[in-house]
>>> print(open('work-v5.txt').read())   # compact mmCIF, C-alpha atoms and all ligand atoms
# COMPACT_ATOMS: atom_id res chain seq x y z
CA MET A 1 101.98 121.81 117.11
CA GLN A 2 102.18 121.14 120.83
CA ASP A 3 105.89 121.89 120.69
CA ILE A 4 105.40 125.19 118.92
CA LYS A 5 102.83 126.27 121.49
CA LYS A 6 105.21 125.39 124.31
CA ARG A 7 108.06 127.22 122.65
CA ASN A 8 105.95 130.34 122.17
CA LYS A 9 104.94 130.23 125.78
CA SER A 10 108.52 130.08 127.01
CA ASN A 11 109.50 132.93 124.64
CA ASN A 12 106.84 135.06 126.25
CA VAL A 13 108.21 134.24 129.66
CA ILE A 14 111.70 135.31 128.64
CA GLN A 15 110.45 138.54 127.09
CA THR A 16 108.46 139.39 130.17
CA GLU A 17 111.53 138.87 132.37
CA ASN A 18 113.56 141.17 130.12
CA LYS A 19 110.92 143.82 130.37
CA ASP A 20 110.93 143.63 134.16
CA ARG A 21 114.69 143.97 134.21
CA ASN A 22 114.53 147.00 131.88
CA ALA A 23 111.93 148.59 134.08
CA ARG A 24 114.06 148.08 137.16
CA ASN A 25 117.23 149.39 135.47
CA SER A 26 115.71 152.61 134.17
CA SER A 27 115.86 155.39 136.76
CA SER A 28 112.21 156.49 136.14
CA PRO A 29 112.36 160.33 135.74
CA ASN A 30 108.88 160.60 134.26
CA LYS A 31 106.20 158.23 135.58
CA MET A 32 103.64 159.28 132.93
CA GLN A 33 106.03 158.46 130.14
CA ILE A 34 106.71 155.01 131.61
CA ASN A 35 103.02 154.23 132.00
CA LYS A 36 102.42 155.21 128.39
CA ASN A 37 105.27 153.00 127.26
CA ILE A 38 103.96 150.10 129.29
CA SER A 39 100.43 150.37 127.91
CA LEU A 40 101.85 150.57 124.40
CA LYS A 41 103.88 147.50 125.15
CA ILE A 42 100.81 145.70 126.47
CA LEU A 43 98.84 146.70 123.43
CA SER A 44 101.51 145.47 121.05
CA ARG A 45 101.76 142.25 123.07
CA VAL A 46 98.00 141.73 122.74
CA VAL A 47 98.16 142.32 118.99
CA MET A 48 101.12 139.94 118.72
CA THR A 49 99.31 137.25 120.70
CA PHE A 50 96.22 137.46 118.53
CA SER A 51 98.18 137.29 115.31
CA LEU A 52 100.14 134.33 116.68
CA LEU A 53 96.91 132.59 117.66
CA ALA A 54 95.55 133.25 114.19
CA VAL A 55 98.64 131.71 112.61
CA VAL A 56 98.42 128.69 114.90
CA TYR A 57 94.68 128.29 114.21
CA PHE A 58 94.90 128.51 110.43
CA SER A 59 97.98 126.37 110.07
CA SER A 60 96.56 123.68 112.39
CA LYS A 61 93.52 123.44 110.11
CA ASP A 62 95.84 122.58 107.22
CA ASP A 63 98.01 120.30 109.32
CA LYS A 64 95.22 117.75 109.56
CA PHE A 65 95.81 116.77 105.94
CA LYS A 66 98.91 116.04 103.94
CA THR A 67 98.48 116.14 100.20
CA PHE A 68 99.76 112.86 98.86
CA ALA A 69 98.81 113.49 95.24
CA LYS A 70 98.02 117.00 94.04
CA GLN A 71 95.58 117.54 91.18
CA SER A 72 97.92 120.00 89.42
CA GLU A 73 100.85 117.58 89.49
CA LEU A 74 101.45 115.00 86.76
CA LEU A 75 102.67 112.00 88.70
CA VAL A 76 104.77 109.37 87.01
CA GLY A 77 104.39 107.33 90.15
CA LYS A 78 104.27 108.00 93.86
CA GLY A 79 104.05 105.29 96.46
CA LEU A 80 103.93 104.95 100.22
CA VAL A 81 104.67 101.65 101.90
CA VAL A 82 102.51 100.85 104.92
CA GLU A 83 102.61 97.92 107.28
CA CYS A 84 100.19 95.17 106.20
CA SER A 85 97.42 94.68 108.76
CA PRO A 86 97.55 91.27 110.52
CA SER A 87 94.13 90.21 109.19
CA TYR A 88 95.22 91.01 105.63
CA VAL A 89 98.39 88.94 106.01
CA LYS A 90 96.44 86.05 107.49
CA ASP A 91 93.93 86.05 104.65
CA LEU A 92 96.47 86.40 101.85
CA ASP A 93 98.67 83.60 103.14
CA LYS A 94 96.10 81.23 101.64
CA TYR A 95 96.78 82.29 98.06
CA GLU A 96 100.06 81.50 96.40
CA GLY A 97 101.59 84.11 94.12
CA CYS A 98 99.16 86.79 95.26
CA PHE A 99 100.92 88.11 98.37
CA PRO A 100 102.20 91.67 97.79
CA GLN A 101 105.90 92.42 98.14
CA GLU A 102 104.73 95.16 100.46
CA CYS A 103 101.42 96.72 101.43
CA LYS A 104 101.16 100.23 100.05
CA ARG A 105 99.40 102.91 98.08
CA PHE A 106 100.59 103.86 94.66
CA VAL A 107 99.34 106.70 92.49
CA THR A 108 100.25 107.17 88.83
CA ASP A 109 99.01 109.38 86.00
CA LYS A 110 100.94 107.42 83.39
CA VAL A 111 99.08 104.12 83.07
CA ILE A 112 95.76 105.26 81.63
CA SER A 113 95.58 107.92 78.92
CA LEU A 114 93.32 110.97 78.98
CA ARG A 115 91.59 109.62 75.92
CA GLU A 116 90.79 106.33 77.61
CA ALA A 117 89.48 108.20 80.65
CA ASP A 118 87.28 110.34 78.41
CA GLU A 119 85.87 107.27 76.67
CA LEU A 120 85.06 105.67 80.02
CA LEU A 121 83.49 108.92 81.18
CA ALA A 122 81.21 108.89 78.14
CA ILE A 123 80.17 105.29 78.94
CA ALA A 124 79.50 106.20 82.58
CA LYS A 125 77.46 109.25 81.66
CA LYS A 126 75.24 107.58 79.11
CA GLY A 127 74.48 104.69 81.47
CA LEU A 128 73.91 106.83 84.55
CA LYS A 129 71.55 109.07 82.59
CA LEU A 130 69.02 106.23 82.71
CA GLY A 131 69.19 106.08 86.50
CA GLY A 132 70.34 108.36 89.29
CA SER A 133 70.07 108.02 93.04
CA SER A 134 67.72 110.33 94.93
CA GLY A 135 70.73 111.08 97.15
CA GLY A 136 74.18 112.25 96.10
CA ALA A 137 75.85 108.96 95.08
CA SER A 138 74.97 106.78 92.08
CA ILE A 139 76.70 103.72 90.70
CA LEU A 140 76.66 101.78 87.45
CA ASP A 141 78.05 98.26 87.45
CA LEU A 142 78.47 96.98 83.89
CA HIS A 143 79.11 93.45 85.18
CA SER A 144 75.89 92.88 87.10
CA GLY A 145 73.97 95.65 85.37
CA ALA A 146 73.24 97.37 88.72
CA LEU A 147 72.29 101.01 88.29
CA SER A 148 71.16 103.35 91.08
CA LYS A 149 67.67 104.64 90.55
CA GLY A 150 65.77 106.61 93.17
CA LYS A 151 66.26 104.79 96.45
CA GLN A 152 67.20 101.44 94.94
CA PHE A 153 68.95 99.68 92.04
CA ILE A 154 67.64 98.49 88.70
CA ASN A 155 69.26 96.20 86.13
CA ILE A 156 70.32 98.36 83.22
CA TYR A 157 70.39 95.36 80.89
CA LYS A 158 66.66 94.90 81.47
CA GLN A 159 65.77 98.44 80.46
CA GLU A 160 64.42 98.92 77.01
CA ALA A 161 66.03 102.33 76.82
CA ALA A 162 69.41 100.70 77.43
CA LEU A 163 69.15 98.35 74.47
CA ASN A 164 72.14 99.02 72.20
CA LEU A 165 73.21 101.82 74.53
CA PHE A 166 76.66 100.26 74.83
CA ASP A 167 78.40 98.98 71.73
CA GLN A 168 81.35 96.69 71.09
CA ASN A 169 83.74 99.61 71.22
CA ASP A 170 82.56 100.50 74.74
CA PHE A 171 83.16 96.99 76.03
CA ASN A 172 86.54 96.91 74.30
CA ILE A 173 87.78 100.08 75.91
CA TYR A 174 86.52 98.93 79.30
CA ARG A 175 88.42 95.69 78.91
CA VAL A 176 91.63 97.34 77.70
CA VAL A 177 91.64 99.69 80.69
CA LYS A 178 90.96 96.81 83.09
CA GLU A 179 93.82 94.76 81.62
CA LYS A 180 96.25 97.68 81.85
CA ILE A 181 95.29 98.20 85.47
CA LYS A 182 95.62 94.51 86.27
CA TYR A 183 99.17 94.47 84.91
CA ALA A 184 99.97 97.69 86.76
CA VAL A 185 98.81 96.08 90.03
CA ALA A 186 100.84 92.94 89.30
CA HIS A 187 103.89 95.02 88.49
CA HIS A 188 103.74 97.47 91.38
CA PHE A 189 102.82 94.94 94.06
CA GLY A 190 105.10 92.23 92.70
CA VAL A 191 102.42 89.60 92.16
CA ASP A 192 101.69 87.16 89.36
CA PRO A 193 99.19 88.74 86.91
CA ASN A 194 97.65 85.30 86.43
CA LYS A 195 96.93 85.04 90.14
CA ILE A 196 94.77 88.13 90.52
CA TYR A 197 91.22 88.24 89.25
CA LEU A 198 88.76 91.01 88.58
CA THR A 199 86.10 90.85 91.29
CA HIS A 200 82.71 92.21 92.31
CA PRO A 201 81.81 95.02 92.76
CA THR A 202 83.63 96.87 89.99
CA PHE A 203 81.64 99.97 89.10
CA PHE A 204 81.40 103.58 87.95
CA SER A 205 80.47 106.15 90.56
CA GLU A 206 78.89 109.56 90.16
CA ILE A 207 78.83 111.85 93.18
CA THR A 208 77.05 115.18 93.46
CA SER A 209 76.46 117.51 96.41
CA LYS A 210 72.85 116.33 96.81
CA LYS A 211 71.87 115.36 100.34
CA ALA A 212 72.06 111.65 101.19
CA VAL A 213 68.76 109.77 101.14
CA THR A 214 69.85 106.14 101.75
CA VAL A 215 72.98 104.62 103.32
CA HIS A 216 74.28 103.99 99.77
CA ASP A 217 74.70 107.77 99.46
CA GLU A 218 77.00 107.97 102.51
CA TYR A 219 80.43 107.51 101.02
CA TRP A 220 82.21 109.77 103.51
CA HIS A 221 82.50 107.29 106.41
CA PRO A 222 85.98 105.85 106.93
CA HIS A 223 86.03 102.20 105.89
CA VAL A 224 88.25 99.26 104.99
CA ASP A 225 87.48 97.76 101.57
CA LYS A 226 88.30 94.22 102.64
CA GLU A 227 85.77 94.52 105.47
CA THR A 228 83.07 96.01 103.24
CA TYR A 229 83.68 93.49 100.44
CA GLN A 230 85.29 90.26 101.62
CA SER A 231 86.63 89.33 98.19
CA PHE A 232 88.74 92.51 97.72
CA HIS A 233 92.52 92.16 97.94
CA TYR A 234 93.65 95.00 95.69
CA THR A 235 91.54 98.10 95.19
CA THR A 236 92.11 100.46 92.28
CA LEU A 237 90.41 103.76 91.56
CA LEU A 238 90.53 105.50 88.24
CA TYR A 239 89.48 109.14 88.28
CA LEU A 240 87.51 110.50 85.35
CA GLY A 241 87.48 114.17 86.37
CA ASP A 242 89.51 116.88 88.04
CA TYR A 243 89.32 118.04 91.65
CA ASN A 244 88.56 121.76 91.96
CA ILE A 245 87.74 121.96 88.23
CA ASP A 246 84.87 119.54 87.63
CA PHE A 247 83.82 119.45 91.29
CA LYS A 248 84.77 120.80 94.71
CA GLY A 249 85.38 118.64 97.79
CA GLY A 250 85.53 114.92 96.99
CA ARG A 251 89.19 114.31 97.80
CA PHE A 252 90.10 110.73 98.63
CA VAL A 253 91.53 110.51 102.16
CA PHE A 254 93.74 107.80 103.67
CA VAL A 255 93.21 107.83 107.43
CA ASP A 256 96.61 107.47 109.07
CA GLU A 257 97.80 107.82 112.64
CA LYS A 258 99.57 111.18 112.59
CA PHE A 259 97.73 112.85 109.77
CA ASN A 260 95.40 112.02 106.94
CA ARG A 261 96.72 111.93 103.40
CA THR A 262 94.70 113.14 100.45
CA VAL A 263 94.65 112.03 96.85
CA GLU A 264 93.18 114.78 94.73
CA PRO A 265 91.34 113.33 91.75
CA ARG A 266 92.81 114.14 88.35
CA LYS A 267 91.44 112.84 85.06
CA SER A 268 93.09 109.48 84.22
CA ARG A 269 94.82 109.30 87.63
CA LEU A 270 95.07 105.73 88.88
CA SER A 271 95.28 104.97 92.58
CA MET A 272 96.02 101.42 93.73
CA PHE A 273 96.24 100.04 97.23
CA THR A 274 96.05 96.84 99.24
CA SER A 275 92.47 96.48 100.51
CA GLY A 276 93.25 95.70 104.17
CA ARG A 277 92.99 97.82 107.33
CA GLU A 278 96.35 99.42 106.49
CA ASN A 279 94.44 101.49 103.96
CA LEU A 280 91.50 102.81 105.95
CA HIS A 281 89.97 105.61 103.87
CA TYR A 282 87.00 107.77 103.00
CA VAL A 283 85.93 110.28 100.38
CA GLU A 284 85.31 113.84 101.44
CA LYS A 285 81.84 115.21 100.75
CA VAL A 286 81.47 116.72 97.30
CA THR A 287 80.31 120.30 97.75
CA SER A 288 79.63 121.24 94.12
CA GLY A 289 79.87 119.81 90.62
CA THR A 290 79.90 116.09 89.72
CA ARG A 291 82.68 113.64 90.52
CA TYR A 292 83.12 110.57 88.30
CA ALA A 293 85.39 107.61 89.02
CA VAL A 294 85.64 103.86 88.42
CA THR A 295 86.41 101.37 91.17
CA ILE A 296 88.16 98.32 89.73
CA SER A 297 88.90 95.61 92.25
CA PHE A 298 90.94 92.44 92.23
CA THR A 299 90.87 89.32 94.34
CA CYS A 300 93.30 86.45 94.91
CA ASP A 301 90.38 84.06 95.23
CA LYS A 302 89.48 82.44 91.91
CA HIS A 303 85.99 81.66 93.22
CA HIS A 304 85.23 85.37 93.37
CA ALA A 305 86.44 86.14 89.85
CA ILE A 306 83.99 87.90 87.53
CA GLU A 307 83.79 88.03 83.76
CA ASP A 308 84.39 91.11 81.66
CA PRO A 309 81.12 92.73 80.66
CA SER A 310 80.23 92.17 77.02
CA ILE A 311 77.57 92.77 74.44
CA ASN A 312 76.18 89.29 75.27
CA LYS A 313 74.74 90.75 78.45
CA TYR A 314 71.80 91.96 76.40
CA GLU A 315 71.07 88.49 75.04
CA ILE A 316 71.03 86.87 78.47
CA ASN A 317 68.15 89.02 79.60
C1 LIG A 401 91.62 111.67 110.00
O1 LIG A 401 90.28 111.41 109.62
C2 LIG A 401 89.53 110.74 110.61
C3 LIG A 401 88.19 110.43 109.99
O2 LIG A 401 87.53 111.57 109.55
C4 LIG A 401 89.43 111.59 111.85
O3 LIG A 401 88.70 110.90 112.82
C5 LIG A 401 90.82 111.91 112.33
O4 LIG A 401 90.74 112.78 113.43
C6 LIG A 401 91.66 112.53 111.24
N1 LIG A 401 93.03 112.66 111.70
C7 LIG A 401 93.63 113.82 111.85
C8 LIG A 401 95.04 113.77 112.33
O5 LIG A 401 93.09 114.88 111.60
>>> encode(input="work-v5.txt", output="structure tokens", more="lines below")
Ligand SMILES: *[C@@H]1O[C@H](CO)[C@@H](O)[C@H](O)[C@H]1NC(C)=O
Amino acid sequence: MQDIKKRNKSNNVIQTENKDRNARNSSSPNKMQINKNISLKILSRVVMTFSLLAVVYFSSKDDKFKTFAKQSELLVGKGLVVECSPSYVKDLDKYEGCFPQECKRFVTDKVISLREADELLAIAKKGLKLGGSSGGASILDLHSGALSKGKQFINIYKQEAALNLFDQNDFNIYRVVKEKIKYAVAHHFGVDPNKIYLTHPTFFSEITSKKAVTVHDEYWHPHVDKETYQSFHYTTLLYLGDYNIDFKGGRFVFVDEKFNRTVEPRKSRLSMFTSGRENLHYVEKVTSGTRYAVTISFTCDKHHAIEDPSINKYEIN
């Protein structure tokens, strides 16, 4: 951008010099005519400058973002390798067989089917119907039972209304999707599938354009997953709806040095990335509609492994 501005400036300089030369060369028979020409020239220059400024202004607004994954595109797989952050390397050195071949982001629309995404969406919706944050962001964690309600969380498995809400089929589909994602992580990051474990928190999220009430509603601040949740080593996000169709705003944004890269949600799109500082990110504010997604996270630390949710959850409570 800086370069373009400079170039434009020097073009103007050259044009002005040419004009001066032309003026000097012409043997001015009619002063009125010349003045008229000059004011026309000035006018056209002013118009040119404003249109140039407009172009620069509007294109610079777009330049802030690079679209990494477009909603309208069906991606077999698109990855970007990034340099692992030193703290991530240091932490992962402790776990054998869990160190990624390279730190990166990888987006694919081919691991989870639309049907699986729809089934998960139905599970998310029926659970979240019993809760709902007073602000714009609600979560449902089928592992712990945490469900946003008002300004806090309740345990869905302790709600009478939730009894028999989820059946065996729901838990099966959840587990199948989780397994597929675990193998996809192992495959794409070159790690042993037996050395990564599902970890807490793994949850459904529902975001609307409602104003934030508590800090839990403020999803738009840039953050590093590994710093927010110590146990995270691999973060995966599965989108259950479409950007610009089911909701507006709500793009996922990787914060990089030169520009920020967006992942536009698409139903059944899976995004996977190493959870260290190399993948600083945030979610843009949702401006209309409702955005559903599942965050499924993996750790290298066996001590932080969590069980798959199951129908037994009801019996415990
Ligand atoms: C990327 O996003 C961050 C966080 O919103 C912002 O501070 C930064 O200026 C953005 N980078 C660019 C190049 O626009």
>>> residues_around(input="work-v5.txt", residues="Asp242 in chain A", least_positions_apart="2", cutoff="12 Å", atoms="all atoms listed in the file", output="count of residues only")
30
>>> closest_residue(input="work-v5.txt", among="A:His187, A:Leu198, A:Val286, A:Ile173", to="Arg115 in chain A", atoms="only C-alpha atoms")
A:Ile173
>>> residues_near_ligand(input="work-v5.txt", ligand="ligand LIG 401 (chain A)", cutoff="6 Å", atoms="all atoms listed in the file", output="PyMOL selection string")
chain A and resi 64+222+255+258-260
>>> atom_distance(input="work-v5.txt", atom1="CA of Val283 in chain A", atom2="CA of Val253 in chain A")
5.9 Å
>>> atom_distance(input="work-v5.txt", atom1="CA of Leu280 in chain A", atom2="CA of Val224 in chain A")
4.9 Å
>>> axis_aligned_box(input="work-v5.txt", around="range 135-142 of chain A", padding_each_side="3 Å", output="lines of an AutoDock Vina configuration file")
center_x = 74.6
center_y = 104.6
center_z = 90.5
size_x = 13.7
size_y = 21.3
size_z = 19.3
>>> closest_residue(input="work-v5.txt", among="A:Ser39, A:Thr67, A:Thr287, A:Ser297", to="Thr208 in chain A", atoms="all atoms listed in the file")
A:Thr287
>>> atom_distance(input="work-v5.txt", atom1="CA of Ala69 in chain A", atom2="CA of Trp220 in chain A")
18.9 Å
